[in-house]
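A.B. asks: Have a peek at structure_29.cif (mmCIF, C-alpha atoms).
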data_entry
loop_
_atom_site.label_atom_id
_atom_site.label_comp_id
_atom_site.auth_asym_id
_atom_site.auth_seq_id
_atom_site.Cartn_x
_atom_site.Cartn_y
_atom_site.Cartn_z
CA MET E 1 134.08 11.49 94.68
CA ASN E 2 132.50 10.26 91.47
CA TYR E 3 129.14 9.91 93.20
CA ILE E 4 129.12 13.55 94.29
CA GLU E 5 130.11 14.67 90.79
CA ASP E 6 127.23 12.65 89.32
CA VAL E 7 124.79 14.23 91.76
CA ALA E 8 126.11 17.72 91.02
CA THR E 9 125.89 17.17 87.26
CA LEU E 10 122.29 15.95 87.50
CA ALA E 11 121.26 18.83 89.78
CA ARG E 12 123.00 21.35 87.52
CA LYS E 13 121.08 19.97 84.54
CA ASP E 14 117.77 20.66 86.31
CA LEU E 15 118.80 24.14 87.37
CA ARG E 16 119.96 25.01 83.84
CA LEU E 17 116.70 23.71 82.36
CA GLU E 18 114.78 25.88 84.81
CA LEU E 19 116.91 28.94 84.08
CA ARG E 20 116.25 28.55 80.36
CA ALA E 21 112.57 27.61 80.42
CA ARG E 22 111.46 29.36 83.65
CA ASP E 23 108.44 27.07 84.04
CA THR E 24 108.31 26.19 87.68
CA LEU E 25 109.83 28.94 89.81
CA PRO E 26 107.57 31.84 88.76
CA ALA E 27 104.53 29.58 89.14
CA MET E 28 105.56 28.55 92.66
CA LEU E 29 106.30 32.13 93.66
CA LEU E 30 103.02 33.47 92.37
CA PHE E 31 101.19 30.57 94.03
CA VAL E 32 102.65 31.18 97.48
CA LEU E 33 101.96 34.93 97.32
CA SER E 34 98.36 34.37 96.13
CA THR E 35 97.89 31.88 98.95
CA PHE E 36 98.98 34.52 101.49
CA VAL E 37 96.40 36.93 100.10
CA VAL E 38 93.72 34.23 100.28
CA PHE E 39 94.75 33.59 103.89
CA HIS E 40 94.36 37.24 104.76
CA PHE E 41 90.71 36.98 103.81
CA ALA E 42 90.29 33.48 105.26
CA LEU E 43 91.65 34.48 108.69
CA PRO E 44 89.08 36.47 110.65
CA GLN E 45 90.30 39.58 112.46
CA GLY E 46 92.13 38.77 115.66
CA SER E 47 92.50 35.03 115.04
CA GLY E 48 96.04 35.34 116.28
CA GLU E 49 99.64 34.57 115.56
CA ALA E 50 99.31 30.82 116.04
CA ALA E 51 96.70 30.52 113.27
CA ALA E 52 98.86 32.53 110.86
CA GLN E 53 101.87 30.31 111.64
CA GLY E 54 99.78 27.25 110.84
CA LEU E 55 98.69 28.73 107.53
CA LEU E 56 102.32 29.47 106.61
CA TRP E 57 102.88 25.72 106.72
CA VAL E 58 99.83 24.98 104.60
CA ALA E 59 101.17 27.44 102.03
CA LEU E 60 104.69 25.96 102.11
CA VAL E 61 103.55 22.34 101.77
CA PHE E 62 101.23 23.11 98.86
CA THR E 63 103.80 25.28 97.11
CA ALA E 64 106.32 22.45 97.45
CA LEU E 65 103.73 20.07 95.99
CA LEU E 66 103.32 22.35 92.99
CA GLY E 67 107.07 22.20 92.33
CA LEU E 68 107.32 18.47 93.05
CA ALA E 69 104.51 17.64 90.63
CA ARG E 70 106.59 19.19 87.84
CA SER E 71 109.92 17.85 89.08
CA TRP E 72 110.13 14.79 86.81
CA ALA E 73 108.22 16.33 83.90
CA PRO E 74 111.31 17.05 81.74
CA GLU E 75 112.52 13.43 82.11
CA ARG E 76 109.08 12.03 81.35
CA GLU E 77 108.31 14.27 78.39
CA GLY E 78 111.75 13.85 76.82
CA GLY E 79 111.86 10.09 77.48
CA VAL E 80 115.05 10.58 79.47
CA PHE E 81 114.21 8.12 82.26
CA ASP E 82 115.51 5.07 80.39
CA GLY E 83 118.73 6.86 79.55
CA LEU E 84 119.25 7.93 83.15
CA VAL E 85 118.62 4.42 84.44
CA LEU E 86 121.09 2.99 81.92
CA ALA E 87 123.71 5.66 82.68
CA PRO E 88 126.83 4.34 84.46
CA CYS E 89 126.04 6.00 87.78
CA ASP E 90 124.44 4.81 90.99
CA ARG E 91 120.63 5.07 90.68
CA SER E 92 120.34 6.82 94.02
CA ALA E 93 122.42 9.67 92.54
CA ILE E 94 119.46 10.38 90.22
CA TRP E 95 117.23 10.84 93.26
CA LEU E 96 119.79 12.89 95.17
CA GLY E 97 120.42 15.19 92.19
CA LYS E 98 116.71 15.79 91.72
CA ALA E 99 116.15 16.34 95.44
CA ALA E 100 118.99 18.86 95.50
CA ALA E 101 117.50 20.76 92.54
CA VAL E 102 114.04 20.82 94.15
CA LEU E 103 115.64 22.02 97.40
CA VAL E 104 117.25 24.93 95.54
CA PHE E 105 113.86 25.86 94.04
CA LEU E 106 112.15 25.66 97.42
CA VAL E 107 114.79 27.76 99.18
CA ALA E 108 114.66 30.33 96.36
CA ILE E 109 110.88 30.62 96.86
CA GLU E 110 111.22 30.88 100.63
CA VAL E 111 113.79 33.66 100.39
CA VAL E 112 110.90 35.74 99.02
CA ALA E 113 107.96 34.04 100.76
CA LEU E 114 109.18 34.21 104.36
CA PRO E 115 109.86 37.99 104.33
CA ALA E 116 106.52 38.44 102.57
CA PHE E 117 104.85 36.43 105.34
CA ALA E 118 106.59 38.52 107.99
CA LEU E 119 105.42 41.68 106.21
CA PHE E 120 101.80 40.58 105.73
CA PHE E 121 101.22 38.68 109.01
CA GLU E 122 103.64 38.03 111.85
CA PRO E 123 107.43 38.30 112.13
CA LEU E 124 109.25 34.95 112.24
CA ASP E 125 111.88 34.16 114.84
CA GLY E 126 115.07 32.15 114.35
CA ALA E 127 113.51 28.86 115.50
CA ALA E 128 110.70 29.18 112.97
CA VAL E 129 113.20 29.73 110.14
CA ALA E 130 115.28 26.79 111.38
CA GLY E 131 112.10 24.69 111.34
CA VAL E 132 111.45 25.69 107.72
CA ALA E 133 115.05 24.88 106.77
CA LEU E 134 114.93 21.43 108.35
CA ALA E 135 111.49 20.62 106.96
CA ASN E 136 112.72 21.58 103.47
CA LEU E 137 115.13 18.65 103.55
CA GLY E 138 112.37 16.19 104.46
CA ILE E 139 109.96 17.64 101.89
CA CYS E 140 112.53 17.34 99.09
CA ALA E 141 113.76 13.87 100.08
CA VAL E 142 110.33 12.25 100.40
CA GLY E 143 108.60 14.39 97.78
CA THR E 144 111.09 13.66 95.00
CA LEU E 145 110.80 9.91 95.49
CA LEU E 146 106.99 10.04 95.62
CA ALA E 147 106.93 12.28 92.54
CA ALA E 148 108.95 9.65 90.67
CA MET E 149 106.34 7.07 91.74
CA ALA E 150 103.51 9.35 90.63
CA ALA E 151 105.24 9.89 87.28
CA ALA E 152 105.07 6.13 86.70
CA SER E 153 101.31 6.00 87.34
CA ARG E 154 98.44 6.78 84.99
CA THR E 155 97.05 9.56 87.17
CA ARG E 156 100.43 11.37 87.53
CA GLU E 157 100.06 14.80 89.18
CA LEU E 158 96.67 13.87 90.61
CA ILE E 159 98.03 11.18 92.87
CA LEU E 160 101.09 13.00 94.23
CA PRO E 161 99.27 15.04 96.93
CA LEU E 162 97.50 11.88 98.12
CA LEU E 163 100.82 10.06 98.45
CA PHE E 164 102.65 13.01 99.96
CA LEU E 165 100.30 14.66 102.47
CA PRO E 166 100.05 11.78 104.99
CA LEU E 167 103.85 11.66 105.04
CA ALA E 168 104.07 15.46 105.38
CA ILE E 169 101.92 15.60 108.54
CA PRO E 170 104.87 14.96 110.90
CA LEU E 171 106.79 17.75 109.12
CA VAL E 172 103.94 20.18 109.68
CA VAL E 173 103.78 19.17 113.35
CA GLY E 174 107.50 19.80 113.74
CA GLY E 175 107.42 23.06 111.77
CA VAL E 176 104.42 24.59 113.54
CA GLY E 177 105.76 23.39 116.89
CA SER E 178 109.14 25.02 116.34
CA ALA E 179 107.41 28.28 115.37
CA ILE E 180 104.92 28.59 118.26
CA SER E 181 106.40 26.57 121.11
CA PRO E 182 108.39 28.38 123.79
CA GLU E 183 110.81 25.43 123.72
CA PRO E 184 111.39 24.75 120.01
CA GLY E 185 114.40 22.49 120.61
CA ARG E 186 112.60 19.16 120.68
CA TYR E 187 110.55 20.03 117.58
CA LEU E 188 113.72 20.88 115.66
CA LEU E 189 115.28 17.65 116.88
CA PHE E 190 112.21 15.75 115.70
CA LEU E 191 112.46 17.37 112.26
CA ALA E 192 116.14 16.42 112.03
CA LEU E 193 115.28 12.85 113.00
CA TYR E 194 112.53 12.71 110.35
CA ASP E 195 114.95 14.01 107.71
CA ALA E 196 117.60 11.44 108.61
CA VAL E 197 115.23 8.45 108.71
CA PHE E 198 113.38 9.24 105.50
CA ALA E 199 116.49 10.32 103.59
CA ILE E 200 118.03 6.91 104.29
CA ILE E 201 114.90 5.04 103.18
CA CYS E 202 114.52 7.13 100.02
CA TRP E 203 118.19 6.76 99.19
CA ALA E 204 118.00 2.99 99.60
CA SER E 205 114.68 2.44 97.83
CA PHE E 206 114.90 4.80 94.85
CA GLU E 207 116.48 2.11 92.71
CA TYR E 208 113.30 0.02 92.98
CA VAL E 209 111.15 2.97 91.90
CA VAL E 210 112.91 3.50 88.56
CA THR E 211 113.74 -0.11 87.71
CA GLU E 212 111.53 -3.15 87.48
CA MET X 1 103.47 -27.66 100.76
CA SER X 2 101.05 -27.13 97.89
CA THR X 3 98.44 -24.39 97.86
CA SER X 4 95.51 -26.81 97.94
CA SER X 5 96.66 -28.70 101.02
CA ARG X 6 97.28 -25.36 102.77
CA ASN X 7 93.84 -24.14 101.84
CA SER X 8 92.21 -27.29 103.18
CA ARG X 9 93.02 -26.03 106.67
CA VAL X 10 91.06 -22.83 106.10
CA PRO X 11 87.58 -24.23 106.99
CA ALA X 12 88.96 -25.62 110.26
CA LEU X 13 90.62 -22.27 111.03
CA ALA X 14 87.42 -20.44 110.16
CA ALA X 15 85.50 -22.65 112.61
CA LEU X 16 88.15 -21.93 115.25
CA ALA X 17 87.84 -18.19 114.61
CA ALA X 18 84.05 -18.35 114.95
CA ALA X 19 84.33 -20.35 118.17
CA LEU X 20 86.90 -17.96 119.64
CA VAL X 21 84.89 -14.87 118.72
CA GLY X 22 81.81 -16.49 120.33
CA LEU X 23 83.81 -17.39 123.42
CA SER X 24 85.24 -13.91 123.76
CA LEU X 25 81.76 -12.35 123.38
CA ALA X 26 80.53 -14.62 126.18
CA LEU X 27 83.52 -13.73 128.35
CA VAL X 28 83.15 -10.01 127.67
CA PHE X 29 79.48 -9.85 128.60
CA PHE X 30 79.09 -12.57 131.26
CA VAL X 31 82.45 -13.14 132.94
CA ALA X 32 84.59 -9.99 132.86
CA PRO X 33 83.60 -7.60 135.68
CA GLU X 34 82.20 -4.21 134.77
CA ASP X 35 84.72 -1.40 134.91
CA ALA X 36 84.26 0.66 138.09
CA ASP X 37 85.04 3.91 136.33
CA GLN X 38 83.54 3.63 132.83
CA GLY X 39 80.79 1.00 133.31
CA ILE X 40 79.44 -0.96 130.36
CA SER X 41 81.06 1.26 127.72
CA GLN X 42 84.49 -0.05 128.73
CA LYS X 43 83.55 -3.43 127.23
CA ILE X 44 84.22 -2.16 123.71
CA PHE X 45 87.87 -2.08 124.81
CA TYR X 46 88.01 -5.88 124.43
CA PHE X 47 87.40 -5.47 120.69
CA HIS X 48 88.78 -2.01 119.96
CA VAL X 49 92.29 -2.73 121.22
CA PRO X 50 92.68 -6.23 119.67
CA ILE X 51 91.39 -4.87 116.34
CA ALA X 52 93.89 -2.01 116.50
CA LEU X 53 96.76 -4.38 117.35
CA THR X 54 95.71 -6.69 114.52
CA ALA X 55 95.67 -3.76 112.10
CA TYR X 56 99.26 -2.92 113.12
CA ALA X 57 100.21 -6.58 112.70
CA CYS X 58 98.67 -6.64 109.20
CA PHE X 59 100.53 -3.47 108.17
CA GLY X 60 103.74 -4.94 109.55
CA TRP X 61 103.11 -8.21 107.72
CA GLY X 62 102.43 -6.32 104.49
CA ALA X 63 105.69 -4.38 104.87
CA LEU X 64 107.65 -7.55 105.64
CA LYS X 65 106.33 -9.20 102.48
CA ALA X 66 107.08 -6.00 100.55
CA LEU X 67 110.69 -6.20 101.74
CA LEU X 68 110.83 -9.84 100.71
CA TYR X 69 109.46 -8.88 97.31
CA LEU X 70 112.14 -6.27 96.75
CA TRP X 71 114.73 -8.82 97.78
CA ARG X 72 113.54 -11.94 95.96
CA LYS X 73 111.30 -10.47 93.19
CA ASP X 74 108.75 -13.29 93.61
CA GLU X 75 105.26 -12.22 92.51
CA ARG X 76 103.68 -14.17 95.34
CA TYR X 77 105.19 -11.80 97.93
CA ASP X 78 103.61 -8.86 96.14
CA LEU X 79 100.17 -10.46 96.43
CA GLU X 80 100.78 -11.37 100.08
CA SER X 81 101.88 -7.82 100.84
CA TYR X 82 98.81 -6.39 99.12
CA VAL X 83 96.41 -8.71 100.95
CA GLY X 84 98.07 -7.93 104.29
CA ILE X 85 97.72 -4.20 103.74
CA HIS X 86 94.18 -4.57 102.48
CA LEU X 87 93.19 -6.40 105.67
CA GLY X 88 95.14 -3.87 107.74
CA THR X 89 93.09 -1.09 106.16
CA VAL X 90 89.85 -2.97 106.89
CA PHE X 91 90.86 -3.45 110.53
CA GLY X 92 92.13 0.13 110.69
CA THR X 93 88.72 1.37 109.55
CA LEU X 94 87.09 -0.82 112.22
CA THR X 95 89.47 0.70 114.80
CA LEU X 96 88.34 4.18 113.76
CA LEU X 97 84.68 3.14 114.03
CA THR X 98 84.98 1.38 117.41
CA GLY X 99 87.20 4.18 118.72
CA SER X 100 84.63 6.72 117.62
CA ILE X 101 81.86 4.81 119.40
CA TRP X 102 83.97 4.56 122.54
CA ALA X 103 84.76 8.28 122.38
CA LYS X 104 81.04 9.05 122.16
CA ALA X 105 80.29 6.80 125.15
CA SER X 106 83.07 8.04 127.43
CA TRP X 107 83.69 11.64 126.32
CA GLY X 108 80.36 12.47 124.67
CA VAL X 109 81.80 13.29 121.24
CA TRP X 110 82.13 11.15 118.10
CA TRP X 111 85.54 12.52 117.30
CA THR X 112 88.29 14.00 119.42
CA TRP X 113 91.65 15.24 118.20
CA SER X 114 93.06 14.70 121.67
CA SER X 115 92.91 10.91 121.33
CA ASN X 116 96.31 10.13 119.84
CA GLN X 117 95.42 6.60 118.78
CA LEU X 118 92.40 7.78 116.79
CA VAL X 119 94.38 10.52 115.06
CA LEU X 120 97.17 8.07 114.25
CA PHE X 121 94.70 5.66 112.70
CA LEU X 122 93.20 8.48 110.65
CA VAL X 123 96.66 9.34 109.29
CA LEU X 124 97.34 5.66 108.56
CA PHE X 125 93.93 5.29 106.94
CA LEU X 126 94.72 8.18 104.57
CA PHE X 127 98.19 6.80 103.90
CA TYR X 128 97.01 3.30 103.03
CA CYS X 129 94.11 4.59 100.94
CA ALA X 130 96.78 6.39 98.89
CA TYR X 131 98.55 3.02 98.64
CA PHE X 132 95.51 1.59 96.87
CA MET X 133 95.20 4.66 94.63
CA LEU X 134 98.84 4.19 93.61
CA ARG X 135 98.47 0.46 93.08
CA PHE X 136 95.41 0.78 90.90
CA SER X 137 96.81 3.56 88.73
CA VAL X 138 99.94 1.67 87.65
CA GLU X 139 99.88 -1.01 84.97
CA GLU X 140 100.03 -4.51 86.39
CA GLY X 141 103.47 -6.06 86.40
CA PRO X 142 106.84 -5.87 88.16
CA ARG X 143 106.81 -2.05 88.12
CA ARG X 144 103.57 -1.90 90.08
CA ALA X 145 104.84 -4.51 92.52
CA SER X 146 108.04 -2.54 93.18
CA LEU X 147 106.24 0.79 93.63
CA SER X 148 103.68 -0.76 95.97
CA ALA X 149 106.44 -2.44 97.96
CA VAL X 150 108.41 0.79 98.41
CA TYR X 151 105.30 2.68 99.51
CA ALA X 152 104.36 -0.13 101.92
CA LEU X 153 107.82 0.15 103.48
CA PHE X 154 107.25 3.88 104.02
CA GLY X 155 104.16 2.88 106.00
CA VAL X 156 106.00 0.99 108.74
CA VAL X 157 108.29 3.97 109.23
CA LEU X 158 105.37 6.38 109.21
CA VAL X 159 103.67 4.57 112.13
CA PRO X 160 106.29 5.39 114.81
CA VAL X 161 107.12 8.78 113.27
CA SER X 162 103.46 9.85 113.20
CA PHE X 163 102.88 8.45 116.66
CA PHE X 164 105.73 10.54 117.97
CA ALA X 165 104.54 13.59 116.03
CA ILE X 166 101.01 13.30 117.39
CA ARG X 167 102.39 12.86 120.92
CA LEU X 168 104.35 16.07 120.40
CA ALA X 169 101.36 17.88 118.96
CA SER X 170 98.76 17.20 121.62
CA ASP X 171 98.26 16.61 125.28
CA PHE X 172 97.68 13.08 126.34
CA ILE X 173 94.21 12.22 127.63
CA HIS X 174 93.58 8.79 126.13
CA PRO X 175 93.02 6.35 128.99
CA THR X 176 96.28 4.45 129.38
CA VAL X 177 95.46 0.85 130.09
CA PHE X 178 98.94 -0.48 129.53
CA ASN X 179 101.91 1.29 131.06
CA ARG X 180 105.40 0.41 132.13
CA GLU X 181 104.14 -1.40 135.23
CA GLY X 182 102.13 -3.84 133.09
CA PRO X 183 98.41 -4.02 132.38
CA GLN X 184 96.18 -2.08 134.81
CA MET X 185 93.43 -4.70 134.83
CA SER X 186 92.15 -7.46 137.03
CA GLY X 187 93.07 -11.05 136.17
CA THR X 188 89.68 -11.91 134.63
CA MET X 189 89.67 -8.75 132.53
CA PHE X 190 93.16 -9.50 131.27
CA ALA X 191 92.24 -13.10 130.44
CA THR X 192 89.16 -11.89 128.53
CA PHE X 193 91.30 -9.40 126.68
CA CYS X 194 93.78 -12.12 125.70
CA VAL X 195 91.01 -14.41 124.42
CA ALA X 196 89.49 -11.56 122.40
CA TRP X 197 92.93 -10.70 120.99
CA GLY X 198 93.47 -14.34 120.00
CA ALA X 199 90.03 -14.46 118.40
CA ILE X 200 90.61 -11.35 116.30
CA THR X 201 94.07 -12.55 115.26
CA VAL X 202 92.77 -15.95 114.10
CA LEU X 203 89.90 -14.20 112.32
CA ALA X 204 92.35 -11.90 110.52
CA TYR X 205 94.48 -14.89 109.54
CA VAL X 206 91.47 -16.74 108.10
CA LEU X 207 90.43 -13.66 106.12
CA TYR X 208 94.02 -13.32 104.89
CA ARG X 209 94.11 -16.94 103.67
CA VAL X 210 90.72 -16.67 101.98
CA GLU X 211 91.55 -13.44 100.17
CA LEU X 212 95.00 -14.67 99.18
CA ALA X 213 93.54 -17.93 97.83
CA GLY X 214 91.09 -15.89 95.75
CA LYS X 215 93.84 -13.65 94.39
CA LEU X 216 96.08 -16.61 93.53
CA LEU X 217 93.19 -18.36 91.78
CA ASP X 218 92.54 -15.18 89.84
CA GLN X 219 96.19 -15.05 88.80
CA HIS X 220 96.24 -18.72 87.72
CA LEU X 221 93.09 -18.18 85.70
CA ARG X 222 94.64 -15.21 83.94
CA GLU X 223 97.78 -17.19 83.14
CA LEU X 224 95.69 -20.05 81.74
CA ARG X 225 93.70 -17.62 79.63
CA GLU X 226 96.89 -16.09 78.25
CA ALA X 227 98.26 -19.57 77.52
CA LEU X 228 95.10 -20.51 75.63
CA ALA X 229 94.80 -17.27 73.69
#
Kindly transcribe the structure held in the file into structure tokens.

C.D. replies:
Amino acid sequence: MNYIEDVATLARKDLRLELRARDTLPAMLLFVLSTFVVFHFALPQGSGEAAAQGLLWVALVFTALLGLARSWAPEREGGVFDGLVLAPCDRSAIWLGKAAAVLVFLVAIEVVALPAFALFFEPLDGAAVAGVALANLGICAVGTLLAAMAAASRTRELILPLLFLPLAIPLVVGGVGSAISPEPGRYLLFLALYDAVFAIICWASFEYVVTE
Amino acid sequence: MSTSSRNSRVPALAALAAALVGLSLALVFFVAPEDADQGISQKIFYFHVPIALTAYACFGWGALKALLYLWRKDERYDLESYVGIHLGTVFGTLTLLTGSIWAKASWGVWWTWSSNQLVLFLVLFLFYCAYFMLRFSVEEGPRRASLSAVYALFGVVLVPVSFFAIRLASDFIHPTVFNREGPQMSGTMFATFCVAWGAITVLAYVLYRVELAGKLLDQHLRELREALA
């Protein structure tokens, strides 16, 4: 039970910081809405539902990247990393707490962004929303670990998209497939499989990212 | 076994690699029959496929050494993992180039998104380029070795996951030479393929040894310099 309490404490710390400073959420929200407006002008008339669904995923992945790039900033700027690593909790709890906080941010954005997408472009069906929900887990699991790696490098935010996008391609395939395919089941299954596999790897390897 | 006695085998291996590559070229152009369907352009298959398989082997080798590094924390494994991935990226680039040439010869275009293998290698190419970006933007030391090792481990998982994703995303028109009933080739063609595969594998191993020897020498030199300073 201790492990879950540690994770909850760490996630609560991030949420409280965000509630007080309000750095990341408004930026992500404004970004995703601006991206939709850009897409309206980038999509020629009559380019169809499928193209719009694809662009939704571009917007979601880049919005998530924006949040992920800032995800370890408080720890880095306050020099909290060393303290966290020395704290008497399992190191993977640090990753899980951060991933949970990023997931809350992402879901909060999507609660606004998905209805906005439906209003501006095409309505979304249940399978498409399920695809988004499943992909969120993968994005947060992998993205948080890669963001911790990027935070340790000299180039920081610059390198995160390079590390993350090749790993996000399968998520985009699963997400777009579940939105436009008449049989979304296997795409959703694929997304669930991706989440499970990468969550296990991230959980097991996070310790090596924060320690030497 | 000491490093120097291991390295003394490299010239012999290099000669073997040269001989095998020469032999496979001779077999490809003078012995293996021309493909009834694709004609002369099919001959690039004898290099394209072995190069692709070698690239996979190098990535796998790099990930194995990365795992060993995380387990044992020996700096040598970090170097071996890096060299393996470096060679994998070189062979992966060659796979993209030969695949592109083959696509032009058989389908008339330099690039096709419907060839799953090509798309997979493009994804892997991007992934492993990011590996080098990460490696060169972290200060040298155990931290860099751990980060590189974790990212290299992601790579071996990404290969099957991406392959599956690309299969899901597109229809399948790449000519399937191997299927569940075994290779769809005549005996001579298969023998030629095996020789070419052996040649490329030995060549990759020689390159691996040479690059690793260079890196180790570089490391020793740096240690000596630090000791003298």

A.B. asks: Nearest to Thr211 of chain E among E:Val132, E:Met149, E:Leu55, E:Leu66, with distances taken over only C-alpha atoms: which residue is it?

C.D. replies: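 Nearest candidate to Thr211 of chain E out of E:Val132, E:Met149, E:Leu55, E:Leu66: E:Met149.
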
A.B. asks: With distances taken over all atoms listed in the file, which of E:Val176, E:Ala141, E:Cys202, E:Val197 is nearest to Val58 of chain E?

C.D. replies: E:Val176

A.B. asks: Quick check: residues of chain X within 12 Å of chain E, all atoms listed in the file, returned as a PyMOL selection string.

C.D. replies: chain X and resi 66-67+69-71+73+119-170

A.B. asks: Grab the atom CA of Ser34 of chain E to atom CA of Arg12 of chain E distance for me, in Å with one decimal place.

C.D. replies: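 Between atom CA of Ser34 of chain E and atom CA of Arg12 of chain E the gap is 29.2 Å.
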
A.B. asks: Any idea what's packed within 8 Å of Leu203 of chain X, counting all atoms listed in the file, ignoring anything in its chain fewer than 2 positions away? Could you give it as a PyMOL selection string?

C.D. replies: chain X and resi 14+17-18+199-201+205-207

A.B. asks: Is it possible to get the axis-aligned box enclosing segment 56-67 of chain X (all listed atoms, 8 Å extra per side) as lines of an AutoDock Vina configuration file, with centre and edge lengths in Å rounded to one decimal?

C.D. replies:
center_x = 104.7
center_y = -6.1
center_z = 106.8
size_x = 28.0
size_y = 22.3
size_z = 28.6

A.B. asks: Residues near Lys13 of chain E, anyone? I mean within 10 Å using all atoms listed in the file, not counting same-chain ones fewer than 4 positions away, as a ChimeraX atom specification.

C.D. replies: /E:7-9,17-19,97-98,101

A.B. asks: One decimal, in Å: what's the spacing between atom CA of Phe31 of chain E and atom CA of Val112 of chain E?

C.D. replies: 12.1 Å

A.B. asks: As a short mmCIF file (atom, residue, chain, number, x, y, z; two decimals) with C-alpha atoms, in the frame of the given file, please: the residues near Tyr3 of chain E (cut-off 12 Å, only C-alpha atoms, same-chain neighbours under 3 positions excluded).

C.D. replies:
data_model
loop_
_atom_site.label_atom_id
_atom_site.label_comp_id
_atom_site.auth_asym_id
_atom_site.auth_seq_id
_atom_site.Cartn_x
_atom_site.Cartn_y
_atom_site.Cartn_z
CA ASP E 6 127.23 12.65 89.32
CA VAL E 7 124.79 14.23 91.76
CA ALA E 8 126.11 17.72 91.02
CA THR E 9 125.89 17.17 87.26
CA LEU E 10 122.29 15.95 87.50
CA PRO E 88 126.83 4.34 84.46
CA CYS E 89 126.04 6.00 87.78
CA ASP E 90 124.44 4.81 90.99
CA ARG E 91 120.63 5.07 90.68
CA SER E 92 120.34 6.82 94.02
CA ALA E 93 122.42 9.67 92.54
CA ILE E 94 119.46 10.38 90.22
CA TRP E 95 117.23 10.84 93.26
CA LEU E 96 119.79 12.89 95.17
CA GLY E 97 120.42 15.19 92.19
#

A.B. asks: Could you tell me how far atom CA of Val80 of chain E lies from atom CA of Ala11 of chain E, in Å and to one decimal?

C.D. replies: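 Atom CA of Ala11 of chain E lies at a distance of 14.6 Å from atom CA of Val80 of chain E.
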
A.B. asks: Using all atoms listed in the file, give me every residue within 12 Å of (96.0, -15.6, 95.5) in file coordinates, as a list of chain:residue names.

C.D. replies: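 Every residue inside that radius is included here: X:Thr3, X:Ser4, X:Asn7, X:Glu75, X:Arg76, X:Tyr77, X:Asp78, X:Leu79, X:Glu80, X:Ser81, X:Tyr82, X:Val83, X:Gly84, X:Tyr208, X:Arg209, X:Val210, X:Glu211, X:Leu212, X:Ala213, X:Gly214, X:Lys215, X:Leu216, X:Leu217, X:Asp218, X:Gln219, X:His220, X:Leu221, X:Arg222.
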
A.B. asks: To verify the selection step, state as a VMD selection string which residues the PyMOL selection byres ((chain E and resi 120) around 12) yields on this input.

C.D. replies: chain E and resid 33 to 41 49 52 to 53 56 113 to 119 121 to 124

A.B. asks: Store the residues picked out above in a file with C-alpha atoms, as a PDB file, in the coordinates of the input.

C.D. replies:
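File produced: selection.pdb:
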ATOM      1  CA  LEU E  33     101.960  34.930  97.320  1.00  0.00           C
ATOM      2  CA  SER E  34      98.360  34.370  96.130  1.00  0.00           C
ATOM      3  CA  THR E  35      97.890  31.880  98.950  1.00  0.00           C
ATOM      4  CA  PHE E  36      98.980  34.520 101.490  1.00  0.00           C
ATOM      5  CA  VAL E  37      96.400  36.930 100.100  1.00  0.00           C
ATOM      6  CA  VAL E  38      93.720  34.230 100.280  1.00  0.00           C
ATOM      7  CA  PHE E  39      94.750  33.590 103.890  1.00  0.00           C
ATOM      8  CA  HIS E  40      94.360  37.240 104.760  1.00  0.00           C
ATOM      9  CA  PHE E  41      90.710  36.980 103.810  1.00  0.00           C
ATOM     10  CA  GLU E  49      99.640  34.570 115.560  1.00  0.00           C
ATOM     11  CA  ALA E  52      98.860  32.530 110.860  1.00  0.00           C
ATOM     12  CA  GLN E  53     101.870  30.310 111.640  1.00  0.00           C
ATOM     13  CA  LEU E  56     102.320  29.470 106.610  1.00  0.00           C
ATOM     14  CA  ALA E 113     107.960  34.040 100.760  1.00  0.00           C
ATOM     15  CA  LEU E 114     109.180  34.210 104.360  1.00  0.00           C
ATOM     16  CA  PRO E 115     109.860  37.990 104.330  1.00  0.00           C
ATOM     17  CA  ALA E 116     106.520  38.440 102.570  1.00  0.00           C
ATOM     18  CA  PHE E 117     104.850  36.430 105.340  1.00  0.00           C
ATOM     19  CA  ALA E 118     106.590  38.520 107.990  1.00  0.00           C
ATOM     20  CA  LEU E 119     105.420  41.680 106.210  1.00  0.00           C
ATOM     21  CA  PHE E 121     101.220  38.680 109.010  1.00  0.00           C
ATOM     22  CA  GLU E 122     103.640  38.030 111.850  1.00  0.00           C
ATOM     23  CA  PRO E 123     107.430  38.300 112.130  1.00  0.00           C
ATOM     24  CA  LEU E 124     109.250  34.950 112.240  1.00  0.00           C
TER      25      LEU E 124
END

A.B. asks: Could you tell me, as a ChimeraX atom specification, which residues have any atom at most 12 Å from (87.6, 2.7, 116.6), counting all atoms listed in the file?

C.D. replies: /X:44-53,55,90-105,110-112,115-122,125

A.B. asks: Since I can't run it myself right now, could you work out what the PyMOL selection byres ((chain X and resi 25) around 12) selects here and report it as a list in words?

C.D. replies: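 When the PyMOL selection byres ((chain X and resi 25) around 12) is applied to the shown file, the picked residues are Ala18, Ala19, Leu20, Val21, Gly22, Leu23, Ser24, Ala26, Leu27, Val28, Phe29, Phe30, Val31, Ala32, Lys43, Ile44, Tyr46, Phe47, Thr192, Phe193, Val195, Ala196, Trp197, Ala199 and Ile200 of chain X.
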
A.B. asks: Which residue gives the smallest distance to Ala127 of chain E among E:Leu188, E:Ile4, E:Cys140, E:Ile109, with only C-alpha atoms counted?

C.D. replies: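 Among the listed residues, E:Leu188 lies closest to Ala127 of chain E.
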